[in-house]
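Q: Dropping in target_15.txt, which is compact mmCIF, C-alpha atoms:
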```
# COMPACT_ATOMS: atom_id res chain seq x y z
CA MET A 91 107.52 -44.20 291.33
CA THR A 92 110.97 -43.70 289.83
CA GLU A 93 111.10 -39.95 289.20
CA PRO A 94 113.54 -38.45 291.76
CA SER A 95 111.77 -35.06 291.91
CA LEU A 96 108.40 -36.70 292.53
CA GLU A 97 109.85 -39.02 295.17
CA ALA A 98 111.51 -36.05 296.88
CA LEU A 99 108.17 -34.17 296.92
CA VAL A 100 106.34 -37.15 298.43
CA GLU A 101 109.05 -37.59 301.09
CA ALA A 102 108.90 -33.86 301.90
CA LEU A 103 105.11 -34.00 302.32
CA ARG A 104 105.44 -37.04 304.61
CA ARG A 105 107.24 -34.83 307.12
CA LEU A 106 103.91 -33.15 307.94
CA PRO A 107 102.17 -34.54 311.03
CA GLY A 108 99.53 -37.15 310.30
CA ILE A 109 100.58 -37.58 306.66
CA GLY A 110 101.56 -41.07 305.61
CA ALA A 111 103.02 -42.31 302.35
CA LYS A 112 99.70 -42.69 300.51
CA SER A 113 98.36 -39.27 301.62
CA ALA A 114 101.63 -37.62 300.64
CA GLN A 115 101.53 -39.29 297.25
CA ARG A 116 97.90 -38.16 296.68
CA MET A 117 98.83 -34.58 297.62
CA ALA A 118 101.84 -34.60 295.31
CA PHE A 119 99.84 -36.01 292.38
CA HIS A 120 97.01 -33.52 292.99
CA LEU A 121 99.33 -30.52 293.08
CA LEU A 122 101.24 -31.58 289.99
CA GLN A 123 98.21 -32.69 287.98
CA HIS A 124 95.46 -30.27 289.02
CA ASP A 125 96.91 -27.29 290.86
CA ARG A 126 100.39 -26.29 289.74
CA GLU A 127 99.57 -22.66 290.60
CA GLY A 128 98.65 -23.75 294.13
CA ALA A 129 101.88 -25.74 294.37
CA GLN A 130 103.84 -22.62 293.38
CA ARG A 131 101.98 -20.54 295.99
CA ILE A 132 102.76 -23.13 298.67
CA ALA A 133 106.43 -23.16 297.70
CA LEU A 134 106.69 -19.35 297.76
CA ALA A 135 104.77 -19.03 301.04
CA LEU A 136 106.99 -21.65 302.67
CA GLN A 137 110.16 -19.91 301.44
CA SER A 138 108.89 -16.56 302.73
CA ALA A 139 107.93 -17.99 306.13
CA LEU A 140 111.31 -19.69 306.51
CA ALA A 141 113.09 -16.45 305.65
CA ASN A 142 110.97 -14.09 307.77
CA VAL A 143 109.35 -15.87 310.71
CA ARG A 144 111.28 -16.21 313.96
CA HIS A 145 110.60 -16.50 317.69
CA CYS A 146 109.44 -13.53 319.76
CA GLU A 147 112.21 -12.48 322.15
CA ARG A 148 109.74 -12.27 325.06
CA CYS A 149 107.23 -15.09 324.65
CA HIS A 150 108.82 -17.37 321.98
CA THR A 151 105.78 -17.47 319.69
CA PHE A 152 106.19 -17.01 315.94
CA THR A 153 106.55 -13.46 314.65
CA GLU A 154 108.23 -11.49 311.90
CA ALA A 155 109.36 -8.79 314.35
CA ALA A 156 111.70 -9.03 317.34
CA ILE A 157 108.70 -8.75 319.70
CA CYS A 158 105.27 -10.08 318.68
CA GLY A 159 102.09 -8.02 318.56
CA VAL A 160 100.60 -9.61 321.67
CA CYS A 161 103.65 -8.75 323.78
CA LEU A 162 103.60 -5.17 322.45
CA ASP A 163 99.86 -4.70 323.06
CA GLY A 164 99.60 -2.27 325.97
CA SER A 165 95.98 -3.21 326.60
CA ARG A 166 96.95 -6.78 327.62
CA ASP A 167 96.96 -7.62 331.33
CA ALA A 168 100.66 -8.01 332.22
CA ARG A 169 99.68 -9.51 335.60
CA GLN A 170 98.65 -12.77 333.90
CA LEU A 171 101.03 -15.06 332.04
CA CYS A 172 99.60 -18.09 330.26
CA VAL A 173 102.04 -20.92 329.53
CA VAL A 174 101.30 -23.01 326.43
CA GLU A 175 103.22 -25.73 324.60
CA THR A 176 103.07 -24.38 321.03
CA PRO A 177 102.14 -21.31 318.97
CA ALA A 178 99.13 -23.32 317.76
CA ASP A 179 97.92 -23.62 321.37
CA GLN A 180 98.34 -19.87 321.81
CA ALA A 181 96.37 -19.24 318.62
CA ALA A 182 93.55 -21.48 319.88
CA LEU A 183 93.33 -19.54 323.15
CA GLU A 184 93.40 -16.23 321.27
CA ARG A 185 90.51 -17.33 319.05
CA THR A 186 88.30 -17.68 322.12
CA GLY A 187 88.63 -13.95 322.82
CA SER A 188 88.35 -14.69 326.55
CA TYR A 189 91.97 -14.25 327.62
CA ARG A 190 93.59 -10.80 327.63
CA GLY A 191 96.87 -11.53 329.42
CA LEU A 192 100.31 -12.34 328.05
CA TYR A 193 101.82 -15.67 326.98
CA PHE A 194 104.93 -17.79 327.23
CA VAL A 195 105.28 -20.50 324.56
CA LEU A 196 107.41 -23.46 325.65
CA MET A 197 107.89 -24.78 322.11
CA GLY A 198 107.44 -28.30 323.46
CA ARG A 199 106.83 -30.31 326.61
CA LEU A 200 108.84 -32.49 328.93
CA SER A 201 109.43 -35.95 327.56
CA PRO A 202 112.19 -37.84 329.39
CA LEU A 203 111.82 -40.85 327.07
CA ASP A 204 112.66 -38.57 324.12
CA GLY A 205 115.42 -36.78 326.02
CA VAL A 206 113.46 -33.51 326.35
CA GLY A 207 114.20 -31.83 329.68
CA THR A 208 113.49 -28.45 331.29
CA GLY A 209 116.36 -26.80 329.43
CA ASP A 210 114.88 -27.86 326.10
CA ILE A 211 111.52 -26.18 326.67
CA GLY A 212 112.67 -22.82 327.99
CA ALA A 213 111.82 -23.44 331.64
CA HIS A 214 114.61 -21.12 332.81
CA GLU A 215 113.40 -18.33 330.53
CA LEU A 216 109.86 -18.88 331.82
CA LEU A 217 110.99 -18.56 335.44
CA ALA A 218 112.85 -15.35 334.63
CA ARG A 219 109.86 -13.94 332.73
CA ALA A 220 107.39 -14.86 335.47
CA SER A 221 109.64 -13.28 338.10
CA ASP A 222 109.70 -9.91 336.32
CA GLY A 223 107.77 -8.12 339.06
CA HIS A 224 104.66 -7.66 336.88
CA THR A 225 103.34 -11.22 336.83
CA GLU A 226 100.88 -12.12 339.59
CA GLU A 227 99.35 -15.30 338.15
CA VAL A 228 100.81 -17.95 335.89
CA ILE A 229 98.17 -20.01 334.11
CA ILE A 230 99.54 -23.35 332.96
CA ALA A 231 97.71 -24.42 329.82
CA THR A 232 99.71 -27.46 328.73
CA ASN A 233 97.89 -30.38 327.15
CA PHE A 234 96.12 -33.00 329.25
CA ASN A 235 98.28 -35.95 328.25
CA ALA A 236 101.07 -37.60 330.24
CA GLU A 237 103.79 -35.26 328.98
CA GLY A 238 101.63 -32.15 329.38
CA GLU A 239 100.68 -33.12 332.92
CA ALA A 240 104.31 -33.79 333.85
CA THR A 241 105.32 -30.45 332.35
CA ALA A 242 102.55 -28.66 334.26
CA HIS A 243 103.60 -30.29 337.54
CA VAL A 244 107.32 -29.48 337.21
CA LEU A 245 106.66 -25.89 336.14
CA ALA A 246 104.03 -25.33 338.85
CA GLU A 247 106.41 -26.49 341.57
CA ALA A 248 109.22 -24.24 340.31
CA LEU A 249 106.90 -21.23 339.96
CA LYS A 250 105.32 -21.74 343.40
CA ALA A 251 108.81 -21.92 344.93
CA ARG A 252 109.28 -18.36 343.64
CA GLY A 253 106.13 -17.24 345.42
CA LEU A 254 103.97 -16.97 342.31
CA ARG A 255 100.28 -17.85 342.13
CA VAL A 256 99.91 -20.79 339.75
CA THR A 257 96.65 -22.02 338.26
CA ARG A 258 95.97 -24.83 335.78
CA LEU A 259 93.65 -24.66 332.83
CA ALA A 260 90.43 -26.43 333.85
CA ARG A 261 89.20 -29.53 332.08
CA GLY A 262 85.81 -31.05 331.91
CA VAL A 263 82.74 -31.88 329.87
CA PRO A 264 82.67 -30.28 326.40
CA ILE A 265 79.70 -28.02 325.64
CA GLY A 266 76.96 -29.88 323.81
CA SER A 267 78.17 -33.34 324.81
CA GLU A 268 76.23 -36.11 326.49
CA LEU A 269 77.65 -37.75 329.61
CA GLU A 270 76.97 -41.30 328.50
CA TYR A 271 79.34 -40.89 325.54
CA LEU A 272 82.26 -39.32 327.45
CA ASP A 273 85.29 -41.25 328.63
CA LEU A 274 85.45 -41.89 332.37
CA GLY A 275 88.60 -39.79 332.84
CA THR A 276 86.86 -36.69 331.47
CA ILE A 277 83.87 -37.22 333.75
CA ALA A 278 86.10 -37.81 336.79
CA HIS A 279 88.13 -34.65 336.16
CA ALA A 280 84.95 -32.63 335.55
CA LEU A 281 83.69 -33.73 338.97
CA ILE A 282 86.98 -32.87 340.68
CA ASP A 283 87.31 -29.50 338.93
CA ARG A 284 83.65 -28.51 339.39
CA ARG A 285 82.86 -24.96 340.47
```
Could you spell out this file's structure in structure tokens?

A:
Amino acid sequence: MTEPSLEALVEALRRLPGIGAKSAQRMAFHLLQHDREGAQRIALALQSALANVRHCERCHTFTEAAICGVCLDGSRDARQLCVVETPADQAALERTGSYRGLYFVLMGRLSPLDGVGTGDIGAHELLARASDGHTEEVIIATNFNAEGEATAHVLAEALKARGLRVTRLARGVPIGSELEYLDLGTIAHALIDRR
């Protein structure tokens, strides 16, 4: 491939998570060969999002307004604050329809090997938000990997030191699964977290 514009498009697509060189090249060829209108729509939507989307001043999720719709919703339970790593995690929880409290989006997780510390994930803002006098329970819903667990532990200790009730999102056996096919860690945690 020697065309600079095509190479630039492939390199831009490679920046997406999970997209390697071959997938990026297939996407670029598809858009240019079969869906130029779709490519134009993607370009315009990306430009619009970059120009208009920012972080909510209260919870840090993505919004076009200073304060997002969830934070402004008076029917939400202000006594509960759910801490998630990303806006995508918040969106997943919202899709369940089972949580009616407020959120705080860290925009990351602790990762000492990558130089990401508490100041990089908004831990100080979280502590201030959770200590607002309205919050009674902080639900930590970080991912169940090494970084997510470390983040949950550090945040839980800091929040408990401020006298707040801290709970952790439960983990266990997925609905519809069979025990014999689950990894041992999932089964062990399901036994520990049983109710």

Q: Could you name the residues that touch Ala118 (chain A) at 8 Å or less, counting all atoms listed in the file, but leaving out those on the same chain fewer than 3 positions away, as an NGL selection string?

A: :A and (96 or 99-100 or 103 or 114-115 or 121-122)

Q: Between CA of Leu249 (chain A) and CA of Leu217 (chain A), measure the distance and give it in Å to one decimal.

A: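 Taking CA of Leu249 (chain A) and CA of Leu217 (chain A), their separation equals 6.7 Å.
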
Q: Within 9 Å of (103.0, -9.6, 340.5) in the file's own coordinates, which protein, DNA or RNA residues have an atom, counting only C-alpha atoms? List them as an NGL selection string.

A: :A and (168-170 or 220-227 or 254-255)

Q: Could those residues be written to a file, using C-alpha atoms, as a PDB file, in the coordinates of the input?

A:
```pdb
ATOM      1  CA  ALA A 168     100.660  -8.010 332.220  1.00  0.00           C
ATOM      2  CA  ARG A 169      99.680  -9.510 335.600  1.00  0.00           C
ATOM      3  CA  GLN A 170      98.650 -12.770 333.900  1.00  0.00           C
ATOM      4  CA  ALA A 220     107.390 -14.860 335.470  1.00  0.00           C
ATOM      5  CA  SER A 221     109.640 -13.280 338.100  1.00  0.00           C
ATOM      6  CA  ASP A 222     109.700  -9.910 336.320  1.00  0.00           C
ATOM      7  CA  GLY A 223     107.770  -8.120 339.060  1.00  0.00           C
ATOM      8  CA  HIS A 224     104.660  -7.660 336.880  1.00  0.00           C
ATOM      9  CA  THR A 225     103.340 -11.220 336.830  1.00  0.00           C
ATOM     10  CA  GLU A 226     100.880 -12.120 339.590  1.00  0.00           C
ATOM     11  CA  GLU A 227      99.350 -15.300 338.150  1.00  0.00           C
ATOM     12  CA  LEU A 254     103.970 -16.970 342.310  1.00  0.00           C
ATOM     13  CA  ARG A 255     100.280 -17.850 342.130  1.00  0.00           C
TER      14      ARG A 255
END
```

Q: So how far away is CA of Thr176 (chain A) from CA of Ala141 (chain A), in Å?

A: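 Between CA of Ala141 (chain A) and CA of Thr176 (chain A) the gap is 20.0 Å.
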
Q: Compile a residue-level contact table for region 136-255 of chain A against region 260-266 of chain A at a cut-off of 12 Å, reporting for every qualifying residue the shortest atom pair and its distance in Å to one decimal, with all atoms listed in the file counted, rows ordered by chain and ascending number, as a Markdown table.

A:
```
| residue | atom | partner | partner_atom | distance |
| --- | --- | --- | --- | --- |
| A:Ile229 | CA | A:Ala260 | CA | 10.1 |
| A:Ile230 | CA | A:Ala260 | CA | 9.7 |
| A:Ala231 | CA | A:Ala260 | CA | 8.6 |
| A:Thr232 | CA | A:Ala260 | CA | 10.6 |
| A:Asn233 | CA | A:Arg261 | CA | 10.0 |
| A:Phe234 | CA | A:Arg261 | CA | 8.2 |
| A:Asn235 | CA | A:Arg261 | CA | 11.8 |
```

Q: Between CA of Gly128 (chain A) and CA of Leu140 (chain A), what distance in Å does the model show, to one decimal?

A: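 Interatomic distance here is 18.2 Å.
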
Q: Can you work out which one of A:Leu269, A:Ile157, A:Leu183, A:Ala213 has the shortest atom-to-atom distance to Arg199 (chain A), counting all atoms listed in the file?

A: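 When distances to Arg199 (chain A) are compared using all atoms listed in the file, the smallest one comes from A:Ala213.
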
Q: With distances taken over all atoms listed in the file, which of A:Ala129, A:Val143, A:Ala135, A:Leu200 is nearest to Ala236 (chain A)?

A: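 Among A:Ala129, A:Val143, A:Ala135, A:Leu200, it is A:Leu200 that comes nearest to Ala236 (chain A).
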
Q: So, counting only C-alpha atoms, which residue among A:Ser188, A:Glu97, A:Tyr193, A:Ala280 is closest to Val174 (chain A)?

A: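 When distances to Val174 (chain A) are compared using only C-alpha atoms, the smallest one comes from A:Tyr193.
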
Q: Taking all atoms listed in the file into account, name the residue in A:Ser267, A:Ser113, A:Gln180, A:Thr208 that is nearest to His150 (chain A).

A: A:Gln180

Q: With all atoms listed in the file as the counted atoms, please give the residues lying no more than 10 Å from Cys149 (chain A), apart from itself and same-chain residues fewer than 4 positions off, as a list in words.

A: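 So, after excluding close chain neighbours, the residues are His145, Ile157, Cys158, Val160, Cys161, Leu171, Cys172, Val173, Pro177, Leu192, Tyr193, Phe194, Val195, Leu196, Glu215, Leu216 and Arg219 of chain A.
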
Q: Pick the closest to Arg252 (chain A) from A:Ala240, A:Phe119, A:Ala218, A:Glu268: which is it, counting only C-alpha atoms?

A: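 Answer, going by the shortest atom-to-atom distance: A:Ala218.
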
Q: When distances are computed from only C-alpha atoms, which of A:Leu245, A:Tyr189, A:Arg116, A:Ala178 shows the smallest separation from Gly209 (chain A)?

A: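 When distances to Gly209 (chain A) are compared using only C-alpha atoms, the smallest one comes from A:Leu245.
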
Q: Output as JSON the centre and edge lengths (Å, one decimal) of the box along x, y and z of the file that holds every listed atom of region 229-243 of chain A after adding 6 Å on each side.

A:
```
{"center_x": 100.7, "center_y": -28.8, "center_z": 332.3, "size_x": 21.2, "size_y": 29.6, "size_z": 22.4}
```
